[in-house]
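Q: File follows, upload34.csv with CSV, N, CA and C atoms:
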```
chain,number,residue,atom,x,y,z
U,1,ALA,N,-10.8,-9.5,17.2
U,1,ALA,CA,-10.3,-10.9,17.3
U,1,ALA,C,-9.2,-11.1,16.2
U,2,TYR,N,-9.5,-10.6,14.9
U,2,TYR,CA,-8.5,-10.8,13.8
U,2,TYR,C,-7.1,-10.3,14.2
U,3,TRP,N,-7.1,-9.0,14.7
U,3,TRP,CA,-5.8,-8.4,15.0
U,3,TRP,C,-5.1,-9.1,16.1
U,4,ASN,N,-5.8,-9.5,17.2
U,4,ASN,CA,-5.2,-10.2,18.3
U,4,ASN,C,-4.6,-11.5,17.8
U,5,ASP,N,-5.3,-12.2,16.9
U,5,ASP,CA,-4.8,-13.5,16.3
U,5,ASP,C,-3.6,-13.2,15.5
U,6,LEU,N,-3.6,-12.2,14.7
U,6,LEU,CA,-2.5,-11.9,13.8
U,6,LEU,C,-1.2,-11.6,14.6
U,7,LEU,N,-1.4,-10.9,15.7
U,7,LEU,CA,-0.2,-10.5,16.5
U,7,LEU,C,0.1,-11.5,17.6
U,8,ALA,N,-0.6,-12.6,17.7
U,8,ALA,CA,-0.3,-13.6,18.7
U,8,ALA,C,1.1,-14.2,18.7
U,9,ASP,N,1.6,-14.3,17.5
U,9,ASP,CA,3.0,-14.8,17.4
U,9,ASP,C,4.0,-13.7,17.1
U,10,PHE,N,3.7,-12.5,17.5
U,10,PHE,CA,4.6,-11.4,17.3
U,10,PHE,C,5.3,-11.2,18.7
U,11,HIS,N,6.6,-11.5,18.6
U,11,HIS,CA,7.5,-11.4,19.8
U,11,HIS,C,8.8,-10.7,19.4
U,12,PRO,N,8.8,-9.4,19.3
U,12,PRO,CA,9.9,-8.7,18.8
U,12,PRO,C,11.2,-8.9,19.6
U,13,GLY,N,11.1,-9.1,20.8
U,13,GLY,CA,12.3,-9.3,21.6
U,13,GLY,C,13.0,-10.6,21.4
U,14,ASP,N,12.4,-11.6,20.7
U,14,ASP,CA,12.9,-12.9,20.5
U,14,ASP,C,14.1,-12.8,19.5
U,15,ARG,N,14.2,-11.8,18.6
U,15,ARG,CA,15.2,-11.8,17.6
U,15,ARG,C,16.2,-10.6,17.8
U,16,PHE,N,15.7,-9.6,18.3
U,16,PHE,CA,16.5,-8.3,18.4
U,16,PHE,C,16.7,-7.8,19.8
U,17,THR,N,17.8,-7.3,20.1
U,17,THR,CA,18.0,-6.6,21.3
U,17,THR,C,18.6,-5.2,21.0
U,18,ALA,N,18.2,-4.2,21.7
U,18,ALA,CA,18.7,-2.9,21.5
U,18,ALA,C,20.2,-2.9,21.5
U,19,GLY,N,20.8,-2.2,20.5
U,19,GLY,CA,22.3,-2.1,20.5
U,19,GLY,C,23.0,-3.4,20.1
U,20,ALA,N,22.3,-4.4,19.6
U,20,ALA,CA,22.9,-5.7,19.3
U,20,ALA,C,23.9,-5.6,18.1
U,21,GLY,N,23.8,-4.6,17.3
U,21,GLY,CA,24.7,-4.5,16.2
U,21,GLY,C,24.6,-3.2,15.5
U,22,ALA,N,25.5,-2.9,14.6
U,22,ALA,CA,25.6,-1.6,14.0
U,22,ALA,C,24.4,-1.5,13.0
U,23,ALA,N,23.9,-0.3,12.9
U,23,ALA,CA,22.8,-0.1,11.9
U,23,ALA,C,23.3,-0.3,10.5
U,24,HIS,N,22.5,-0.8,9.7
U,24,HIS,CA,22.9,-1.0,8.3
U,24,HIS,C,21.7,-0.7,7.4
U,25,ALA,N,22.0,-0.1,6.2
U,25,ALA,CA,21.0,0.2,5.3
U,25,ALA,C,21.4,-0.3,3.9
U,26,GLU,N,20.4,-0.8,3.1
U,26,GLU,CA,20.6,-1.2,1.8
U,26,GLU,C,19.7,-0.4,0.9
U,27,GLN,N,20.1,-0.1,-0.3
U,27,GLN,CA,19.3,0.7,-1.2
U,27,GLN,C,19.6,0.2,-2.6
U,28,PHE,N,18.6,0.1,-3.5
U,28,PHE,CA,18.8,-0.2,-4.9
U,28,PHE,C,17.7,0.4,-5.7
U,29,VAL,N,17.9,0.5,-7.0
U,29,VAL,CA,17.0,1.1,-7.9
U,29,VAL,C,16.7,0.1,-9.0
U,30,LEU,N,15.5,-0.2,-9.3
U,30,LEU,CA,15.1,-1.1,-10.4
U,30,LEU,C,15.2,-0.3,-11.7
U,31,GLY,N,15.8,-1.0,-12.7
U,31,GLY,CA,15.8,-0.4,-14.0
U,31,GLY,C,14.5,-0.4,-14.7
U,32,GLU,N,14.4,0.2,-15.8
U,32,GLU,CA,13.1,0.4,-16.5
U,32,GLU,C,12.5,-1.0,-16.8
U,33,GLN,N,13.2,-1.9,-17.4
U,33,GLN,CA,12.7,-3.2,-17.7
U,33,GLN,C,12.2,-4.0,-16.5
U,34,ASP,N,13.0,-4.0,-15.5
U,34,ASP,CA,12.6,-4.7,-14.2
U,34,ASP,C,11.4,-4.1,-13.6
U,35,THR,N,11.2,-2.8,-13.7
U,35,THR,CA,10.0,-2.1,-13.2
U,35,THR,C,8.8,-2.6,-14.1
U,36,ARG,N,9.0,-2.6,-15.4
U,36,ARG,CA,7.9,-3.0,-16.3
U,36,ARG,C,7.5,-4.5,-15.9
U,37,ASP,N,8.5,-5.3,-15.7
U,37,ASP,CA,8.2,-6.7,-15.4
U,37,ASP,C,7.4,-6.8,-14.1
U,38,LEU,N,7.9,-6.1,-13.1
U,38,LEU,CA,7.3,-6.1,-11.8
U,38,LEU,C,5.8,-5.6,-11.8
U,39,LEU,N,5.6,-4.6,-12.6
U,39,LEU,CA,4.2,-4.1,-12.8
U,39,LEU,C,3.3,-4.9,-13.7
U,40,GLY,N,3.9,-5.7,-14.5
U,40,GLY,CA,3.1,-6.5,-15.5
U,40,GLY,C,3.2,-8.0,-15.4
U,41,PRO,N,4.1,-8.6,-16.2
U,41,PRO,CA,4.1,-10.0,-16.3
U,41,PRO,C,4.4,-10.8,-15.0
U,42,ALA,N,5.1,-10.2,-14.1
U,42,ALA,CA,5.4,-10.9,-12.8
U,42,ALA,C,4.2,-11.4,-12.1
U,43,HIS,N,3.1,-10.8,-12.3
U,43,HIS,CA,1.8,-11.1,-11.6
U,43,HIS,C,1.1,-12.3,-12.2
U,44,ARG,N,1.4,-12.7,-13.3
U,44,ARG,CA,0.6,-13.7,-14.0
U,44,ARG,C,0.6,-15.1,-13.3
U,45,ALA,N,1.8,-15.5,-12.9
U,45,ALA,CA,1.9,-16.9,-12.4
U,45,ALA,C,1.1,-17.1,-11.1
U,46,TYR,N,1.0,-16.1,-10.2
U,46,TYR,CA,0.3,-16.3,-8.9
U,46,TYR,C,-0.8,-15.4,-8.8
U,47,HIS,N,-1.2,-14.6,-9.8
U,47,HIS,CA,-2.3,-13.7,-9.8
U,47,HIS,C,-2.2,-12.7,-8.6
U,48,THR,N,-1.0,-12.1,-8.5
U,48,THR,CA,-0.7,-11.2,-7.4
U,48,THR,C,-0.9,-9.7,-7.7
U,49,HIS,N,-0.8,-8.9,-6.7
U,49,HIS,CA,-0.7,-7.5,-6.8
U,49,HIS,C,0.8,-7.1,-6.5
U,50,ILE,N,1.1,-5.9,-6.8
U,50,ILE,CA,2.5,-5.5,-6.6
U,50,ILE,C,2.9,-5.6,-5.1
U,51,ASP,N,2.0,-5.3,-4.2
U,51,ASP,CA,2.4,-5.4,-2.8
U,51,ASP,C,2.6,-6.8,-2.4
U,52,ASP,N,2.0,-7.8,-3.0
U,52,ASP,CA,2.3,-9.2,-2.6
U,52,ASP,C,3.7,-9.5,-2.9
U,53,LEU,N,4.2,-9.1,-4.1
U,53,LEU,CA,5.6,-9.4,-4.5
U,53,LEU,C,6.6,-8.6,-3.7
U,54,LEU,N,6.3,-7.3,-3.5
U,54,LEU,CA,7.3,-6.5,-2.7
U,54,LEU,C,7.4,-6.9,-1.3
U,55,LEU,N,6.2,-7.2,-0.7
U,55,LEU,CA,6.3,-7.7,0.7
U,55,LEU,C,6.9,-9.1,0.9
U,56,THR,N,6.7,-9.9,-0.1
U,56,THR,CA,7.4,-11.2,-0.1
U,56,THR,C,8.9,-11.0,-0.2
U,57,ALA,N,9.3,-10.1,-1.0
U,57,ALA,CA,10.8,-9.8,-1.1
U,57,ALA,C,11.3,-9.2,0.2
U,58,LEU,N,10.5,-8.4,0.9
U,58,LEU,CA,10.9,-7.8,2.2
U,58,LEU,C,11.0,-9.0,3.2
U,59,GLY,N,10.0,-9.9,3.2
U,59,GLY,CA,10.1,-11.0,4.1
U,59,GLY,C,11.4,-11.8,3.9
U,60,CYS,N,11.7,-12.0,2.6
U,60,CYS,CA,13.0,-12.8,2.3
U,60,CYS,C,14.2,-12.0,2.7
U,61,ALA,N,14.2,-10.7,2.6
U,61,ALA,CA,15.3,-9.9,3.0
U,61,ALA,C,15.5,-10.0,4.6
U,62,LEU,N,14.3,-9.9,5.3
U,62,LEU,CA,14.4,-10.0,6.7
U,62,LEU,C,14.8,-11.3,7.2
U,63,GLU,N,14.5,-12.4,6.5
U,63,GLU,CA,14.9,-13.7,6.8
U,63,GLU,C,16.5,-13.8,6.7
U,64,ALA,N,17.0,-13.1,5.7
U,64,ALA,CA,18.4,-13.1,5.5
U,64,ALA,C,19.1,-12.4,6.6
U,65,VAL,N,18.5,-11.5,7.3
U,65,VAL,CA,19.1,-10.7,8.4
U,65,VAL,C,19.0,-11.5,9.7
U,66,ASP,N,17.8,-12.1,10.0
U,66,ASP,CA,17.6,-12.7,11.3
U,66,ASP,C,17.3,-14.2,11.3
U,67,GLY,N,17.1,-14.8,10.1
U,67,GLY,CA,16.9,-16.2,10.1
U,67,GLY,C,15.4,-16.6,10.3
U,68,GLY,N,14.6,-15.6,10.6
U,68,GLY,CA,13.2,-15.9,10.9
U,68,GLY,C,12.4,-16.2,9.7
U,69,ARG,N,11.4,-17.1,9.8
U,69,ARG,CA,10.5,-17.4,8.7
U,69,ARG,C,9.2,-16.7,8.6
U,70,THR,N,8.9,-16.0,9.7
U,70,THR,CA,7.7,-15.2,9.8
U,70,THR,C,8.0,-13.8,10.4
U,71,HIS,N,7.6,-12.8,9.7
U,71,HIS,CA,7.8,-11.4,10.1
U,71,HIS,C,6.5,-10.6,10.2
U,72,HIS,N,6.5,-9.6,11.0
U,72,HIS,CA,5.4,-8.7,11.1
U,72,HIS,C,5.9,-7.3,10.7
U,73,VAL,N,5.1,-6.7,9.9
U,73,VAL,CA,5.5,-5.3,9.5
U,73,VAL,C,4.2,-4.4,9.5
U,74,LEU,N,4.4,-3.1,9.6
U,74,LEU,CA,3.3,-2.2,9.5
U,74,LEU,C,3.2,-1.8,8.0
U,75,VAL,N,2.0,-1.8,7.5
U,75,VAL,CA,1.7,-1.3,6.2
U,75,VAL,C,0.9,-0.1,6.2
U,76,GLU,N,1.2,0.9,5.4
U,76,GLU,CA,0.4,2.1,5.3
U,76,GLU,C,-0.4,2.0,4.0
U,77,GLY,N,-1.7,2.3,4.2
U,77,GLY,CA,-2.6,2.4,3.1
U,77,GLY,C,-3.1,3.8,2.9
U,78,HIS,N,-3.7,4.1,1.7
U,78,HIS,CA,-4.2,5.4,1.5
U,78,HIS,C,-5.7,5.6,1.9
U,79,GLY,N,-6.3,4.5,2.2
U,79,GLY,CA,-7.7,4.5,2.7
U,79,GLY,C,-8.7,4.8,1.7
U,80,ARG,N,-8.4,4.8,0.4
U,80,ARG,CA,-9.4,5.0,-0.6
U,80,ARG,C,-9.7,3.7,-1.4
U,81,GLU,N,-9.3,2.6,-0.8
U,81,GLU,CA,-9.6,1.3,-1.5
U,81,GLU,C,-11.1,1.1,-1.5
U,82,ASP,N,-11.5,0.3,-2.5
U,82,ASP,CA,-12.9,0.0,-2.6
U,82,ASP,C,-13.3,-1.1,-1.6
U,83,ILE,N,-13.7,-0.7,-0.5
U,83,ILE,CA,-14.1,-1.7,0.5
U,83,ILE,C,-15.6,-1.9,0.7
U,84,ASP,N,-16.4,-0.9,0.3
U,84,ASP,CA,-17.8,-1.0,0.4
U,84,ASP,C,-18.4,-0.2,-0.7
U,85,PRO,N,-19.2,-0.8,-1.6
U,85,PRO,CA,-19.8,0.0,-2.7
U,85,PRO,C,-20.7,1.2,-2.2
U,86,ALA,N,-21.2,1.1,-1.0
U,86,ALA,CA,-22.1,2.1,-0.4
U,86,ALA,C,-21.3,3.3,0.0
U,87,LEU,N,-20.0,3.2,0.2
U,87,LEU,CA,-19.1,4.3,0.6
U,87,LEU,C,-18.5,5.0,-0.6
U,88,ASP,N,-19.0,6.2,-0.8
U,88,ASP,CA,-18.6,7.0,-1.9
U,88,ASP,C,-17.7,8.2,-1.4
U,89,VAL,N,-16.4,8.1,-1.7
U,89,VAL,CA,-15.5,9.1,-1.2
U,89,VAL,C,-15.0,10.0,-2.4
U,90,SER,N,-15.7,9.9,-3.5
U,90,SER,CA,-15.3,10.7,-4.7
U,90,SER,C,-15.4,12.2,-4.5
U,91,GLY,N,-16.3,12.6,-3.6
U,91,GLY,CA,-16.4,14.1,-3.3
U,91,GLY,C,-15.5,14.6,-2.2
U,92,THR,N,-14.5,13.8,-1.9
U,92,THR,CA,-13.6,14.2,-0.8
U,92,THR,C,-12.2,14.4,-1.4
U,93,VAL,N,-11.4,15.1,-0.6
U,93,VAL,CA,-10.0,15.4,-1.0
U,93,VAL,C,-9.1,14.8,0.0
U,94,GLY,N,-8.0,14.2,-0.4
U,94,GLY,CA,-7.0,13.7,0.5
U,94,GLY,C,-7.1,12.2,0.7
U,95,TRP,N,-6.3,11.7,1.6
U,95,TRP,CA,-6.3,10.3,1.9
U,95,TRP,C,-6.8,10.1,3.3
U,96,PHE,N,-7.3,8.9,3.5
U,96,PHE,CA,-7.7,8.4,4.9
U,96,PHE,C,-6.7,7.4,5.3
U,97,THR,N,-5.5,7.9,5.6
U,97,THR,CA,-4.4,7.0,5.8
U,97,THR,C,-4.6,5.9,6.9
U,98,THR,N,-4.3,4.7,6.5
U,98,THR,CA,-4.4,3.6,7.5
U,98,THR,C,-3.0,3.0,7.7
U,99,LEU,N,-2.8,2.5,8.9
U,99,LEU,CA,-1.5,1.9,9.3
U,99,LEU,C,-1.9,0.7,10.1
U,100,TYR,N,-1.5,-0.5,9.6
U,100,TYR,CA,-1.9,-1.7,10.2
U,100,TYR,C,-0.9,-2.8,10.0
U,101,PRO,N,-0.8,-3.8,10.9
U,101,PRO,CA,0.2,-4.8,10.9
U,101,PRO,C,-0.2,-5.9,9.9
U,102,VAL,N,0.7,-6.5,9.3
U,102,VAL,CA,0.5,-7.7,8.5
U,102,VAL,C,1.6,-8.8,8.8
U,103,ARG,N,1.2,-10.0,8.6
U,103,ARG,CA,2.2,-11.1,8.8
U,103,ARG,C,2.7,-11.6,7.5
U,104,LEU,N,4.1,-11.7,7.4
U,104,LEU,CA,4.7,-12.2,6.2
U,104,LEU,C,5.3,-13.6,6.5
U,105,PRO,N,4.5,-14.6,6.2
U,105,PRO,CA,5.0,-16.0,6.4
U,105,PRO,C,5.7,-16.5,5.2
U,106,LEU,N,6.9,-17.0,5.4
U,106,LEU,CA,7.6,-17.5,4.2
U,106,LEU,C,7.5,-19.0,4.1
U,107,GLY,N,7.5,-19.5,2.9
U,107,GLY,CA,7.4,-21.0,2.7
U,107,GLY,C,8.8,-21.5,2.4
U,108,ALA,N,8.9,-22.8,2.1
U,108,ALA,CA,10.2,-23.5,1.9
U,108,ALA,C,10.8,-23.0,0.6
U,109,GLU,N,10.0,-22.5,-0.4
U,109,GLU,CA,10.6,-22.0,-1.6
U,109,GLU,C,9.9,-20.8,-2.1
U,110,LEU,N,10.4,-20.0,-3.0
U,110,LEU,CA,9.9,-18.7,-3.4
U,110,LEU,C,8.4,-18.7,-3.8
U,111,GLY,N,8.0,-19.7,-4.6
U,111,GLY,CA,6.6,-19.7,-5.0
U,111,GLY,C,5.6,-19.9,-3.8
U,112,GLU,N,6.0,-20.8,-2.9
U,112,GLU,CA,5.3,-21.0,-1.7
U,112,GLU,C,5.2,-19.7,-0.8
U,113,SER,N,6.3,-19.0,-0.8
U,113,SER,CA,6.3,-17.8,0.0
U,113,SER,C,5.4,-16.7,-0.6
U,114,ILE,N,5.4,-16.6,-1.9
U,114,ILE,CA,4.6,-15.6,-2.6
U,114,ILE,C,3.1,-16.0,-2.3
U,115,ARG,N,2.7,-17.2,-2.4
U,115,ARG,CA,1.3,-17.6,-2.1
U,115,ARG,C,1.0,-17.4,-0.7
U,116,ALA,N,1.9,-17.6,0.3
U,116,ALA,CA,1.6,-17.5,1.7
U,116,ALA,C,1.4,-16.0,2.0
U,117,VAL,N,2.3,-15.2,1.5
U,117,VAL,CA,2.2,-13.7,1.8
U,117,VAL,C,0.9,-13.2,1.1
U,118,LYS,N,0.6,-13.6,-0.1
U,118,LYS,CA,-0.6,-13.1,-0.8
U,118,LYS,C,-1.8,-13.5,0.0
U,119,GLU,N,-1.9,-14.7,0.5
U,119,GLU,CA,-3.0,-15.2,1.3
U,119,GLU,C,-3.1,-14.4,2.6
U,120,SER,N,-2.0,-14.1,3.2
U,120,SER,CA,-2.0,-13.4,4.4
U,120,SER,C,-2.5,-12.0,4.2
U,121,LEU,N,-2.1,-11.3,3.1
U,121,LEU,CA,-2.6,-10.0,2.8
U,121,LEU,C,-4.1,-10.0,2.5
U,122,ARG,N,-4.6,-11.0,1.9
U,122,ARG,CA,-6.0,-11.1,1.5
U,122,ARG,C,-6.9,-11.2,2.7
U,123,THR,N,-6.4,-11.7,3.8
U,123,THR,CA,-7.2,-11.8,5.0
U,123,THR,C,-7.4,-10.5,5.8
U,124,VAL,N,-6.7,-9.5,5.5
U,124,VAL,CA,-6.8,-8.2,6.2
U,124,VAL,C,-8.2,-7.7,6.0
U,125,PRO,N,-8.9,-7.5,7.1
U,125,PRO,CA,-10.3,-7.0,6.9
U,125,PRO,C,-10.3,-5.5,6.5
U,126,ASP,N,-11.1,-5.2,5.5
U,126,ASP,CA,-11.3,-3.8,5.0
U,126,ASP,C,-10.0,-3.0,4.8
U,127,LYS,N,-9.0,-3.7,4.2
U,127,LYS,CA,-7.7,-3.1,3.9
U,127,LYS,C,-7.1,-2.4,5.1
U,128,GLY,N,-7.4,-2.9,6.3
U,128,GLY,CA,-6.8,-2.4,7.5
U,128,GLY,C,-7.5,-1.2,8.1
U,129,ILE,N,-8.6,-0.7,7.6
U,129,ILE,CA,-9.2,0.5,8.0
U,129,ILE,C,-9.7,0.4,9.5
U,130,GLY,N,-10.0,-0.8,10.0
U,130,GLY,CA,-10.5,-1.0,11.3
U,130,GLY,C,-9.5,-1.1,12.4
U,131,TYR,N,-8.2,-1.2,12.0
U,131,TYR,CA,-7.2,-1.4,13.0
U,131,TYR,C,-6.8,-0.1,13.7
U,132,GLY,N,-6.9,-0.1,15.0
U,132,GLY,CA,-6.5,1.1,15.9
U,132,GLY,C,-7.2,2.4,15.5
U,133,PRO,N,-8.5,2.4,15.4
U,133,PRO,CA,-9.1,3.7,15.1
U,133,PRO,C,-9.0,4.7,16.2
```
For the file at hand, write its structure as structure tokens.
A:
Amino acid sequence: AYWNDLLADFHPGDRFTAGAGAAHAEQFVLGEQDTRDLLGPAHRAYHTHIDDLLLTALGCALEAVDGGRTHHVLVEGHGREDIDPALDVSGTVGWFTTLYPVRLPLGAELGESIRAVKESLRTVPDKGIGYGP
């Protein structure tokens, strides 16, 4: 039920059509101080994790491309998150890769967007492990 609800407003054909425009890529590298800030003090104001901030930034970038305020993306996890204290994977090798959709809802201003994306990510059950087994 959670995944069906999450994807209920996912309509990829509403914004994009095949061949509608030339492919475009952007790339950048964060400097050492920006990286330190992103990994440290940037989390204090909203008690976030790095993925909250990076996915909010992605949502804002996607909004700049297509004007949409809500986006859906697939997130890949390593599957070793602490989801159940009874599950001990310390004697195993490798990752239990997960791939699951998340909704990136944007607010009217950046702080509101950070909170909305953070809350959206916190609702994902078991860090996405149950999606599409």
Q: Using all atoms listed in the file, what table do you get, as a tab-separated table, when you list each residue of stretch 98-118 of chain U with an atom no more than 8 Å from stretch 59-69 of chain U, its nearest pair of atoms, and their distance in Å rounded to one decimal, rows by chain then rising number?
A:
```
residue	atom	partner	partner_atom	distance
U:Leu104	C	U:Arg69	C	5.4
U:Pro105	CA	U:Arg69	C	4.8
U:Leu106	N	U:Arg69	C	4.0
U:Gly107	N	U:Arg69	C	6.6
```
Q: Using Å and a single decimal, report how far atom CA of U:Leu99 sits from atom C of U:Leu74.
A: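 Here the two named atoms are 6.1 Å from each other.
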Q: Using only C-alpha atoms, find the one residue out of U:Lys127, U:Pro41, U:Gln27, U:Asp52 that sits nearest to U:Glu81.
A: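 Between U:Lys127, U:Pro41, U:Gln27, U:Asp52, the residue approaching U:Glu81 most closely is U:Lys127.
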Q: Per DSSP on the backbone, what are the strand (DSSP E or B) residues of stretch 2-132 of chain U, as a list of chain:residue names?
A: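 Matching residues, listed in order: U:Thr70, U:His71, U:His72, U:Val73, U:Leu74, U:Val75, U:Glu76, U:Gly77, U:Thr98, U:Leu99, U:Tyr100, U:Pro101, U:Val102, U:Arg103, U:Leu104, U:Pro105.
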Q: So how far away is atom CA of U:Ala86 from atom C of U:Ser120, in Å?
A: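 Atom-to-atom, atom C of U:Ser120 to atom CA of U:Ala86, that is 24.6 Å.
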Q: Atom CA of U:Tyr131 and atom CA of U:Gly91, how far apart in Å?
A: 24.3 Å
Q: For U:Ile114, which residue out of U:Pro12, U:Ala45, U:Val89, U:Thr97 is the nearest one, using only C-alpha atoms?
A: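 Of all the options, U:Ala45 lies closest to U:Ile114.
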Q: Looking at only C-alpha atoms, which of U:Val29, U:Pro125, U:Leu6, U:Ala1 is the one that sits closest to U:Val102?
A: U:Leu6
Q: Please provide the set of residues having any atom within 7 Å of U:Gly79, restricted to all atoms listed in the file, with same-chain residues fewer than 5 positions apart removed, written as a list in words.
A: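 Returned residues: Trp95, Phe96, Thr97, Thr98 and Ile129 of chain U.
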Q: For U:Ala42, which residue out of U:Gly128, U:Gly111, U:Pro85, U:Val117 is the nearest one, using only C-alpha atoms?
A: U:Gly111
Q: Which is closer to U:Ala108 than all the others in U:Thr70, U:Ala8, U:Glu26, U:Trp3, using only C-alpha atoms?
A: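 With only C-alpha atoms as the atom set, the closest residue is U:Thr70.
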Q: Given only C-alpha atoms as the basis, pick out the residue of U:Asp9, U:Asp37, U:Glu119, U:Asp51 nearest to U:Glu76.
A: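 Closest candidate: U:Asp51.
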Q: From a backbone DSSP assignment, name each residue in chain U labelled helix (DSSP H, G or I), as a VMD selection string.
A: chain U and resid 2 to 6 12 to 14 32 to 39 41 to 43 50 to 66 110 to 122 125 to 128
